[in-house]
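work-v3.txt follows; it contains compact mmCIF, C-alpha atoms and all ligand atoms.
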```
# COMPACT_ATOMS: atom_id res chain seq x y z
CA MET A 1 -1.16 12.96 -3.29
CA ILE A 2 -0.29 9.31 -3.65
CA ILE A 3 -3.27 7.02 -4.20
CA ALA A 4 -2.87 3.23 -4.23
CA SER A 5 -5.32 0.39 -4.82
CA ASN A 6 -4.65 -3.01 -3.28
CA PHE A 7 -6.68 -5.74 -5.04
CA LYS A 8 -5.74 -8.50 -2.53
CA THR A 9 -7.25 -11.68 -4.08
CA ASN A 10 -9.92 -9.84 -6.04
CA HIS A 11 -10.34 -9.56 -9.82
CA THR A 12 -9.58 -11.94 -12.64
CA ARG A 13 -7.11 -11.26 -15.44
CA GLN A 14 -10.00 -10.06 -17.58
CA SER A 15 -11.47 -7.68 -15.01
CA THR A 16 -8.00 -6.42 -14.06
CA ALA A 17 -7.36 -5.54 -17.70
CA LEU A 18 -10.65 -3.61 -17.90
CA PHE A 19 -9.91 -1.79 -14.64
CA VAL A 20 -6.36 -0.87 -15.60
CA ASN A 21 -7.26 0.32 -19.09
CA GLU A 22 -10.13 2.50 -17.84
CA VAL A 23 -8.07 4.03 -15.05
CA ASN A 24 -5.20 4.66 -17.44
CA ASP A 25 -7.54 6.48 -19.87
CA TYR A 26 -9.13 8.46 -17.06
CA ILE A 27 -5.77 9.67 -15.70
CA LYS A 28 -4.58 10.61 -19.17
CA LYS A 29 -7.68 12.65 -19.98
CA ASN A 30 -8.22 14.32 -16.62
CA ASN A 31 -4.95 15.92 -15.68
CA ILE A 32 -4.52 13.84 -12.56
CA SER A 33 -1.38 14.94 -10.79
CA SER A 34 -1.56 12.31 -8.02
CA GLU A 35 0.94 9.48 -8.16
CA VAL A 36 -1.22 6.37 -8.65
CA PHE A 37 -0.38 2.73 -7.92
CA VAL A 38 -2.41 -0.42 -8.51
CA PHE A 39 -1.47 -3.73 -6.91
CA PRO A 40 -3.25 -6.56 -8.79
CA THR A 41 -2.88 -10.25 -8.01
CA ALA A 42 0.36 -11.88 -9.18
CA THR A 43 -1.55 -13.79 -11.86
CA SER A 44 -2.76 -10.56 -13.46
CA LEU A 45 0.46 -8.57 -13.55
CA ASP A 46 0.64 -8.89 -17.34
CA SER A 47 -3.08 -9.01 -18.18
CA PHE A 48 -3.22 -5.55 -19.78
CA GLU A 49 -1.49 -3.36 -22.31
CA VAL A 50 1.46 -1.37 -21.02
CA VAL A 51 0.25 1.45 -18.74
CA SER A 52 1.80 4.86 -19.04
CA ASN A 53 -0.03 6.99 -16.50
CA PHE A 54 0.46 5.11 -13.26
CA SER A 55 2.45 2.25 -11.76
CA ILE A 56 1.62 -1.39 -11.31
CA GLY A 57 3.10 -3.04 -8.26
CA ALA A 58 3.36 -6.50 -6.70
CA GLN A 59 1.40 -7.20 -3.53
CA ASN A 60 4.14 -9.59 -2.49
CA ALA A 61 7.13 -11.54 -3.74
CA TYR A 62 9.80 -13.64 -2.13
CA PRO A 63 13.25 -12.07 -1.63
CA ILE A 64 14.89 -14.22 -4.27
CA VAL A 65 15.69 -14.03 -7.98
CA THR A 66 14.72 -17.63 -8.60
CA GLY A 67 14.83 -20.67 -6.34
CA SER A 68 13.01 -23.44 -4.45
CA PHE A 69 10.24 -21.56 -2.66
CA THR A 70 7.06 -23.37 -3.57
CA GLY A 71 4.13 -21.11 -4.23
CA GLU A 72 6.16 -17.92 -4.28
CA ILE A 73 7.37 -15.68 -7.08
CA GLY A 74 10.75 -13.92 -7.29
CA THR A 75 12.30 -11.14 -9.29
CA SER A 76 12.77 -13.25 -12.41
CA GLN A 77 8.96 -13.31 -12.67
CA LEU A 78 8.51 -9.64 -11.67
CA ASP A 79 11.12 -8.62 -14.26
CA GLU A 80 9.10 -10.30 -17.01
CA PHE A 81 6.25 -7.92 -16.19
CA GLY A 82 8.47 -4.87 -15.70
CA ILE A 83 7.40 -4.56 -12.04
CA LYS A 84 9.55 -2.23 -9.93
CA THR A 85 7.19 -1.52 -7.02
CA ILE A 86 6.29 -3.78 -4.11
CA LEU A 87 4.10 -3.70 -0.98
CA ILE A 88 5.95 -4.92 2.11
CA GLY A 89 4.69 -5.39 5.67
CA HIS A 90 0.95 -5.37 4.90
CA SER A 91 -0.99 -6.35 8.02
CA GLU A 92 -2.55 -9.35 6.31
CA ARG A 93 0.93 -10.71 5.65
CA ARG A 94 2.05 -9.93 9.18
CA HIS A 95 -1.01 -11.14 11.08
CA ILE A 96 -2.72 -13.72 8.84
CA LEU A 97 0.20 -15.13 6.87
CA GLY A 98 2.62 -14.97 9.80
CA GLU A 99 5.47 -12.88 8.38
CA THR A 100 7.75 -11.87 11.24
CA GLN A 101 9.53 -8.51 11.47
CA ASN A 102 12.78 -10.31 10.76
CA LYS A 103 11.44 -11.83 7.52
CA ILE A 104 9.88 -8.55 6.51
CA ALA A 105 13.16 -6.71 7.10
CA LYS A 106 15.04 -9.25 4.95
CA LYS A 107 12.49 -8.83 2.17
CA TYR A 108 12.78 -5.04 2.50
CA ASP A 109 16.58 -5.15 2.22
CA PHE A 110 16.48 -7.41 -0.80
CA TYR A 111 14.06 -5.19 -2.74
CA LYS A 112 15.82 -2.03 -1.58
CA GLU A 113 19.12 -3.32 -2.97
CA LEU A 114 17.38 -3.79 -6.32
CA GLY A 115 16.04 -0.23 -6.27
CA TYR A 116 12.35 -1.14 -6.05
CA LYS A 117 9.88 1.46 -4.90
CA ILE A 118 8.61 0.09 -1.60
CA ILE A 119 5.30 0.86 0.06
CA TYR A 120 6.03 -0.22 3.62
CA CYS A 121 3.01 -0.80 5.88
CA ILE A 122 2.84 -0.42 9.62
CA GLY A 123 -0.07 -0.36 12.06
CA GLU A 124 -1.31 -1.63 15.38
CA PRO A 125 -3.97 -4.24 16.26
CA LEU A 126 -7.00 -3.25 18.38
CA GLU A 127 -5.61 -4.55 21.68
CA VAL A 128 -2.60 -2.27 21.29
CA LYS A 129 -4.70 0.74 20.24
CA ASN A 130 -6.79 0.25 23.38
CA LYS A 131 -3.68 0.69 25.54
CA GLY A 132 -3.30 4.30 24.35
CA LEU A 133 -1.17 6.47 22.09
CA ASP A 134 2.21 5.85 23.73
CA GLN A 135 1.91 2.07 23.51
CA THR A 136 0.55 2.34 19.98
CA LEU A 137 3.54 4.38 18.86
CA GLU A 138 5.94 2.04 20.63
CA TYR A 139 4.37 -0.90 18.74
CA ILE A 140 4.55 0.94 15.42
CA TYR A 141 8.18 1.97 15.94
CA GLU A 142 9.09 -1.69 16.48
CA GLN A 143 7.80 -2.36 12.98
CA PHE A 144 10.72 -0.25 11.78
CA ASN A 145 13.28 -2.60 13.35
CA GLU A 146 16.05 -3.40 10.86
CA ILE A 147 14.37 -1.22 8.22
CA ASP A 148 16.54 1.39 6.48
CA THR A 149 14.11 4.30 6.60
CA LYS A 150 16.51 6.59 4.77
CA TYR A 151 15.92 4.66 1.54
CA GLU A 152 15.04 7.13 -1.19
CA ASN A 153 12.33 4.99 -2.82
CA LEU A 154 10.36 4.43 0.36
CA ILE A 155 6.70 5.34 0.89
CA LEU A 156 5.12 4.52 4.26
CA ALA A 157 1.52 3.49 4.86
CA TYR A 158 -0.03 3.70 8.32
CA GLU A 159 -2.80 1.11 8.39
CA PRO A 160 -4.34 0.31 11.77
CA VAL A 161 -5.12 -3.42 11.66
CA TRP A 162 -8.57 -2.94 13.20
CA ALA A 163 -9.54 -0.54 10.40
CA ILE A 164 -8.54 -2.73 7.46
CA GLY A 165 -11.54 -4.17 5.64
CA THR A 166 -13.79 -3.53 8.65
CA GLY A 167 -15.59 -0.37 7.55
CA VAL A 168 -14.24 1.33 10.70
CA THR A 169 -11.94 4.25 9.96
CA ALA A 170 -9.59 5.81 12.50
CA THR A 171 -10.78 9.21 13.73
CA ASN A 172 -9.24 12.29 12.14
CA ASP A 173 -7.56 13.07 15.47
CA ASP A 174 -6.03 9.59 15.69
CA ILE A 175 -4.76 9.81 12.14
CA GLU A 176 -3.35 13.29 12.73
CA ASN A 177 -1.57 12.35 15.97
CA ILE A 178 -0.09 9.13 14.70
CA HIS A 179 0.95 10.57 11.34
CA ARG A 180 2.65 13.51 13.05
CA ALA A 181 4.60 11.18 15.33
CA ILE A 182 5.64 8.82 12.53
CA LYS A 183 6.67 11.68 10.24
CA GLU A 184 8.76 13.31 12.96
CA LYS A 185 10.78 10.14 13.32
CA PHE A 186 10.67 8.98 9.71
CA PRO A 187 10.26 11.90 7.30
CA LYS A 188 8.96 10.02 4.27
CA PRO A 189 5.69 10.22 2.28
CA LEU A 190 3.06 8.67 4.56
CA LEU A 191 -0.26 7.22 3.36
CA TYR A 192 -3.24 6.33 5.51
CA GLY A 193 -5.06 3.04 4.93
CA GLY A 194 -8.05 1.43 6.64
CA SER A 195 -11.58 1.64 5.28
CA VAL A 196 -10.89 4.68 3.12
CA LYS A 197 -13.74 5.14 0.66
CA VAL A 198 -15.20 7.55 -1.89
CA GLU A 199 -17.06 9.44 0.84
CA ASN A 200 -14.16 10.03 3.25
CA VAL A 201 -11.03 10.08 1.07
CA ARG A 202 -10.98 13.84 0.50
CA GLU A 203 -11.28 14.66 4.19
CA ILE A 204 -8.66 12.08 5.20
CA CYS A 205 -6.21 13.33 2.59
CA GLN A 206 -6.57 16.87 3.96
CA ILE A 207 -5.39 15.87 7.45
CA PRO A 208 -1.89 17.28 8.12
CA ASN A 209 0.92 14.82 7.33
CA VAL A 210 -1.34 12.56 5.23
CA ASP A 211 0.24 12.28 1.80
CA GLY A 212 -2.36 9.99 0.27
CA ALA A 213 -4.22 6.72 0.78
CA LEU A 214 -3.74 2.99 0.38
CA ILE A 215 -7.17 1.55 -0.35
CA GLY A 216 -8.48 -2.01 -0.48
CA THR A 217 -12.23 -2.75 -0.60
CA ALA A 218 -13.42 0.65 -1.83
CA SER A 219 -10.99 0.66 -4.74
CA TRP A 220 -12.03 -2.56 -6.44
CA LYS A 221 -14.83 -1.14 -8.58
CA THR A 222 -13.38 0.92 -11.40
CA GLU A 223 -15.96 3.69 -11.03
CA ASP A 224 -15.23 3.98 -7.30
CA PHE A 225 -11.48 4.14 -7.80
CA ILE A 226 -11.94 6.81 -10.47
CA GLN A 227 -14.19 8.74 -8.09
CA ILE A 228 -11.51 8.47 -5.41
CA LEU A 229 -8.99 9.95 -7.86
CA GLU A 230 -11.48 12.66 -8.73
CA ASN A 231 -12.02 13.49 -5.04
CA THR A 232 -8.29 13.83 -4.36
CA LYS A 233 -7.09 15.70 -7.42
C1 LIG B 301 -5.57 -2.47 2.59
O1 LIG B 301 -5.74 -3.61 2.17
O2 LIG B 301 -4.42 -2.00 2.60
C2 LIG B 301 -6.72 -1.71 3.07
C3 LIG B 301 -6.52 -0.52 3.60
O3 LIG B 301 -7.96 -2.28 2.95
P1 LIG B 301 -9.39 -1.57 3.17
O4 LIG B 301 -9.36 -0.28 2.40
O5 LIG B 301 -10.37 -2.54 2.66
O6 LIG B 301 -9.54 -1.31 4.63
```

Using the file provided, produce a representation of the structure as structure tokens.
Amino acid sequence: MIIASNFKTNHTRQSTALFVNEVNDYIKKNNISSEVFVFPTATSLDSFEVVSNFSIGAQNAYPIVTGSFTGEIGTSQLDEFGIKTILIGHSERRHILGETQNKIAKKYDFYKELGYKIIYCIGEPLEVKNKGLDQTLEYIYEQFNEIDTKYENLILAYEPVWAIGTGVTATNDDIENIHRAIKEKFPKPLLYGGSVKVENVREICQIPNVDGALIGTASWKTEDFIQILENTK
């Protein structure tokens, strides 16, 4: 299993450090075989002692080493923190922050060339889901435009937009059908994301072709994230 926590704009440096240290200790002491990722805010990427039992990733960065891109960070900052994992294509960046497929693909290429592990997110909004499975898959496949899906350090995350942060999870049948279709075309580890929580993570992770979960809201409390790891070990 691959289990990832996306902090979004939650947690301070202090609370990130507490979270990371506790999770690190828990993994060390409890024989957790899952591959675990935590994506804190950019301001907290160095707020803790070095972790040895899981990976810290960046929620976002600009495809540049250093340059004039006000408000962004590049690889010269990520390098300082030893970050080698990045989330790309998250629905909030696509739909709220306006990243186009073309920009996302350029970012993907840049980080791929540097050998970063990439968690690449895809997923449809509600109006597309309501048109049925064929249209949903067509929409999702377009999110692979200009993306080299043969990249060895690629993990995919299927995250229906209407399920993210809403408390509404896709049905097991929906997850199974969409994961099967994505995996047939793009045989890479594939996570599900969208209102995964302590209570449903085990069942979701047992659906065929689900290789783990990318979790926002339900992963922000340390005890909940630890329980999620416990439920998927
Ligand atoms: C996410 O941010 O990737 C996510 C899946 O959020 P949530 O778990 O809150 O739906």

**Item:** Who sits within 9 Å of Thr232 of chain A, all atoms listed in the file, same chain under 6 positions skipped, as a ChimeraX atom specification
**Value:** /A:1,3,34,201-202,205,212

**Best match for closeness to ligand LIG 301 (chain B) among A:Ser195, A:Ser5, A:Thr136, A:Ser33, counting all atoms listed in the file** =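 The closest residue to ligand LIG 301 (chain B) is A:Ser195.
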
**Prompt:** Which residues form the shell of 9 Å around ligand LIG 301 (chain B) when you count only C-alpha atoms and all ligand atoms, given as an MDAnalysis selection string?
**Reply:** chainID A and resid 4:8 90:92 121 157 159:169 192:197 213:219

**Asked** Within 7 Å of segment 14-30 of chain A, counting all atoms listed in the file, which residues qualify if same-chain residues fewer than 3 places away don't, as a VMD selection string?
**Response** chain A and resid 11 44 47 to 48 51 53 222 226

**Message:** Residues within 7 Å of Ser76 of chain A, please, as a ChimeraX atom specification. Count all atoms listed in the file; anything in the same chain fewer than 4 positions from it doesn't count.
**Reply:** /A:65-66,80

**Message:** So, with only C-alpha atoms as the atoms that count, which of A:Asp224, A:Gln59, A:Asn10, A:Asn102 lies closest to Glu72 of chain A?
**Reply:** A:Gln59

**Item:** Atomic distance atom CA of Ile56 of chain A - atom CA of Ile228 of chain A, expressed in Å with one decimal
**Value:** 17.4 Å

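For the set A:Ala58, A:Leu229, A:Leu87, A:Leu97, the residue with the smallest atom-to-atom gap to Thr75 of chain A is A:Ala58, counting all atoms listed in the file.
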
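For the choices A:Ile2, A:Ala42, A:Ile207, A:Ile140, the atom-to-atom distance to Glu124 of chain A is smallest for A:Ile140 when using all atoms listed in the file.
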
**Asked** Do you have the atom CA of Lys84 of chain A-atom CA of Tyr116 of chain A distance handy?
**Response**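 One can read the atom CA of Lys84 of chain A to atom CA of Tyr116 of chain A distance as 4.9 Å.
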
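Across the structure, atom CA of Asn60 of chain A and atom CA of Thr9 of chain A are spaced 11.7 Å apart.
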
**Message:** Here's a test: counting all atoms listed in the file, identify every protein, DNA and RNA residue with an atom at most 9 Å from (12.0, -9.2, -1.4) in the file's coordinate frame, and state them as a count of residues only.
**Reply:** 19

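Distances to Glu146 of chain A were evaluated for A:Lys103, A:Ile122, A:Asn172, A:Asp46 using only C-alpha atoms, and the minimum falls at A:Lys103.
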
**Request:** Please provide as a PyMOL selection string all residues within 9 Å of Tyr141 of chain A, with the sequence filter that same-chain residues fewer than 3 positions apart are discarded (counting only C-alpha atoms).
**Result:** chain A and resi 122+136-138+144-145+182+185

**Complete:** With distances taken over only C-alpha atoms, the candidate from A:Ile32, A:Ile147, A:Ile118, A:Ala170 nearest Phe54 of chain A is A:Ile32

**Prompt:** Within 12 Å of Lys183 of chain A, counting only C-alpha atoms, which residues qualify if same-chain residues fewer than 6 places away don't, as a list in words?
**Reply:**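 Those residues are Leu137, Tyr141, Thr149, Ile155, Leu156, Ala157, Tyr158, Ile175, Glu176, Asn177, Pro189, Leu190, Leu191, Pro208, Asn209, Val210 and Asp211 of chain A.
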
What would the file be for segment 172-219 of chain A if you keep N, CA and C atoms and write it as a CSV table (one decimal), in the first residue's frame?
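Everything below was put into decode31.csv:
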```csv
chain,number,residue,atom,x,y,z
A,172,ASN,N,-17.8,2.1,-4.2
A,172,ASN,CA,-16.8,1.0,-4.5
A,172,ASN,C,-16.8,0.6,-6.0
A,173,ASP,N,-18.1,0.5,-6.5
A,173,ASP,CA,-18.2,0.1,-7.9
A,173,ASP,C,-17.5,1.2,-8.9
A,174,ASP,N,-17.8,2.4,-8.6
A,174,ASP,CA,-17.2,3.5,-9.4
A,174,ASP,C,-15.7,3.4,-9.3
A,175,ILE,N,-15.2,3.3,-8.1
A,175,ILE,CA,-13.7,3.2,-7.9
A,175,ILE,C,-13.2,2.0,-8.7
A,176,GLU,N,-13.8,0.9,-8.5
A,176,GLU,CA,-13.3,-0.3,-9.2
A,176,GLU,C,-13.3,-0.1,-10.7
A,177,ASN,N,-14.4,0.4,-11.3
A,177,ASN,CA,-14.5,0.5,-12.7
A,177,ASN,C,-13.4,1.5,-13.3
A,178,ILE,N,-13.3,2.6,-12.6
A,178,ILE,CA,-12.4,3.6,-13.1
A,178,ILE,C,-11.0,3.2,-12.9
A,179,HIS,N,-10.7,2.6,-11.8
A,179,HIS,CA,-9.3,2.2,-11.5
A,179,HIS,C,-8.9,1.1,-12.6
A,180,ARG,N,-9.8,0.2,-12.8
A,180,ARG,CA,-9.5,-0.9,-13.8
A,180,ARG,C,-9.2,-0.3,-15.2
A,181,ALA,N,-10.0,0.7,-15.6
A,181,ALA,CA,-9.8,1.3,-16.9
A,181,ALA,C,-8.5,2.1,-16.9
A,182,ILE,N,-8.2,2.8,-15.9
A,182,ILE,CA,-7.0,3.6,-15.9
A,182,ILE,C,-5.7,2.7,-15.9
A,183,LYS,N,-5.8,1.7,-15.1
A,183,LYS,CA,-4.7,0.7,-15.0
A,183,LYS,C,-4.4,0.0,-16.3
A,184,GLU,N,-5.5,-0.3,-17.0
A,184,GLU,CA,-5.3,-1.0,-18.3
A,184,GLU,C,-4.5,-0.2,-19.2
A,185,LYS,N,-4.8,1.1,-19.2
A,185,LYS,CA,-4.1,2.0,-20.1
A,185,LYS,C,-2.8,2.5,-19.6
A,186,PHE,N,-2.7,2.7,-18.3
A,186,PHE,CA,-1.5,3.2,-17.7
A,186,PHE,C,-1.1,2.3,-16.5
A,187,PRO,N,-0.4,1.3,-16.7
A,187,PRO,CA,-0.1,0.3,-15.6
A,187,PRO,C,0.9,0.8,-14.6
A,188,LYS,N,0.5,1.7,-13.7
A,188,LYS,CA,1.3,2.3,-12.7
A,188,LYS,C,0.6,2.2,-11.4
A,189,PRO,N,1.3,2.3,-10.2
A,189,PRO,CA,0.6,2.3,-8.9
A,189,PRO,C,-0.5,3.4,-9.0
A,190,LEU,N,-1.7,3.1,-8.5
A,190,LEU,CA,-2.8,4.0,-8.6
A,190,LEU,C,-3.5,4.1,-7.3
A,191,LEU,N,-3.5,5.3,-6.7
A,191,LEU,CA,-4.1,5.6,-5.4
A,191,LEU,C,-5.5,6.2,-5.7
A,192,TYR,N,-6.4,6.0,-4.7
A,192,TYR,CA,-7.7,6.7,-4.7
A,192,TYR,C,-7.6,7.8,-3.7
A,193,GLY,N,-8.2,9.0,-4.1
A,193,GLY,CA,-8.4,10.1,-3.1
A,193,GLY,C,-9.7,10.7,-3.3
A,194,GLY,N,-10.3,11.2,-2.2
A,194,GLY,CA,-11.6,11.8,-2.2
A,194,GLY,C,-12.4,11.4,-1.0
A,195,SER,N,-12.2,12.1,0.1
A,195,SER,CA,-13.0,11.8,1.4
A,195,SER,C,-12.7,10.4,1.9
A,196,VAL,N,-11.4,10.0,1.7
A,196,VAL,CA,-11.0,8.8,2.4
A,196,VAL,C,-10.8,9.1,3.9
A,197,LYS,N,-11.3,8.2,4.8
A,197,LYS,CA,-11.1,8.5,6.2
A,197,LYS,C,-10.8,7.2,7.0
A,198,VAL,N,-10.6,7.4,8.3
A,198,VAL,CA,-10.3,6.2,9.1
A,198,VAL,C,-11.3,5.1,8.9
A,199,GLU,N,-12.6,5.4,8.8
A,199,GLU,CA,-13.6,4.4,8.8
A,199,GLU,C,-13.7,3.7,7.4
A,200,ASN,N,-13.3,4.3,6.3
A,200,ASN,CA,-13.5,3.6,5.0
A,200,ASN,C,-12.2,3.2,4.3
A,201,VAL,N,-11.0,3.6,4.9
A,201,VAL,CA,-9.8,3.4,4.2
A,201,VAL,C,-9.5,1.9,3.9
A,202,ARG,N,-9.8,1.1,4.9
A,202,ARG,CA,-9.4,-0.3,4.7
A,202,ARG,C,-10.2,-0.9,3.5
A,203,GLU,N,-11.5,-0.6,3.5
A,203,GLU,CA,-12.4,-1.2,2.5
A,203,GLU,C,-12.0,-0.6,1.1
A,204,ILE,N,-11.7,0.7,1.0
A,204,ILE,CA,-11.3,1.3,-0.3
A,204,ILE,C,-10.0,0.6,-0.7
A,205,CYS,N,-9.1,0.4,0.2
A,205,CYS,CA,-7.8,-0.1,-0.2
A,205,CYS,C,-7.8,-1.6,-0.6
A,206,GLN,N,-9.0,-2.2,-0.3
A,206,GLN,CA,-9.1,-3.6,-0.7
A,206,GLN,C,-9.8,-3.8,-2.1
A,207,ILE,N,-10.3,-2.7,-2.7
A,207,ILE,CA,-10.9,-2.7,-4.0
A,207,ILE,C,-9.8,-3.1,-5.0
A,208,PRO,N,-10.1,-4.0,-6.0
A,208,PRO,CA,-9.1,-4.3,-7.0
A,208,PRO,C,-8.5,-3.1,-7.7
A,209,ASN,N,-7.2,-3.1,-7.9
A,209,ASN,CA,-6.5,-2.0,-8.6
A,209,ASN,C,-6.4,-0.8,-7.8
A,210,VAL,N,-6.7,-0.8,-6.5
A,210,VAL,CA,-6.4,0.3,-5.6
A,210,VAL,C,-5.1,0.0,-4.9
A,211,ASP,N,-4.1,0.8,-5.1
A,211,ASP,CA,-2.8,0.6,-4.5
A,211,ASP,C,-2.5,1.4,-3.3
A,212,GLY,N,-3.5,2.2,-2.8
A,212,GLY,CA,-3.3,3.0,-1.7
A,212,GLY,C,-4.2,4.2,-1.7
A,213,ALA,N,-4.0,5.2,-0.9
A,213,ALA,CA,-4.9,6.4,-0.8
A,213,ALA,C,-4.1,7.7,-0.6
A,214,LEU,N,-4.6,8.7,-1.3
A,214,LEU,CA,-4.1,10.1,-1.0
A,214,LEU,C,-5.2,10.8,-0.2
A,215,ILE,N,-4.8,11.3,0.9
A,215,ILE,CA,-5.8,11.7,1.9
A,215,ILE,C,-5.6,13.2,2.3
A,216,GLY,N,-6.6,14.0,2.3
A,216,GLY,CA,-6.5,15.3,2.8
A,216,GLY,C,-7.0,15.4,4.2
A,217,THR,N,-8.3,16.0,4.3
A,217,THR,CA,-8.9,16.3,5.6
A,217,THR,C,-8.7,15.3,6.7
A,218,ALA,N,-8.9,14.0,6.4
A,218,ALA,CA,-8.9,13.0,7.5
A,218,ALA,C,-7.5,12.6,7.9
A,219,SER,N,-6.5,13.2,7.3
A,219,SER,CA,-5.1,12.9,7.6
A,219,SER,C,-4.5,13.9,8.5
```
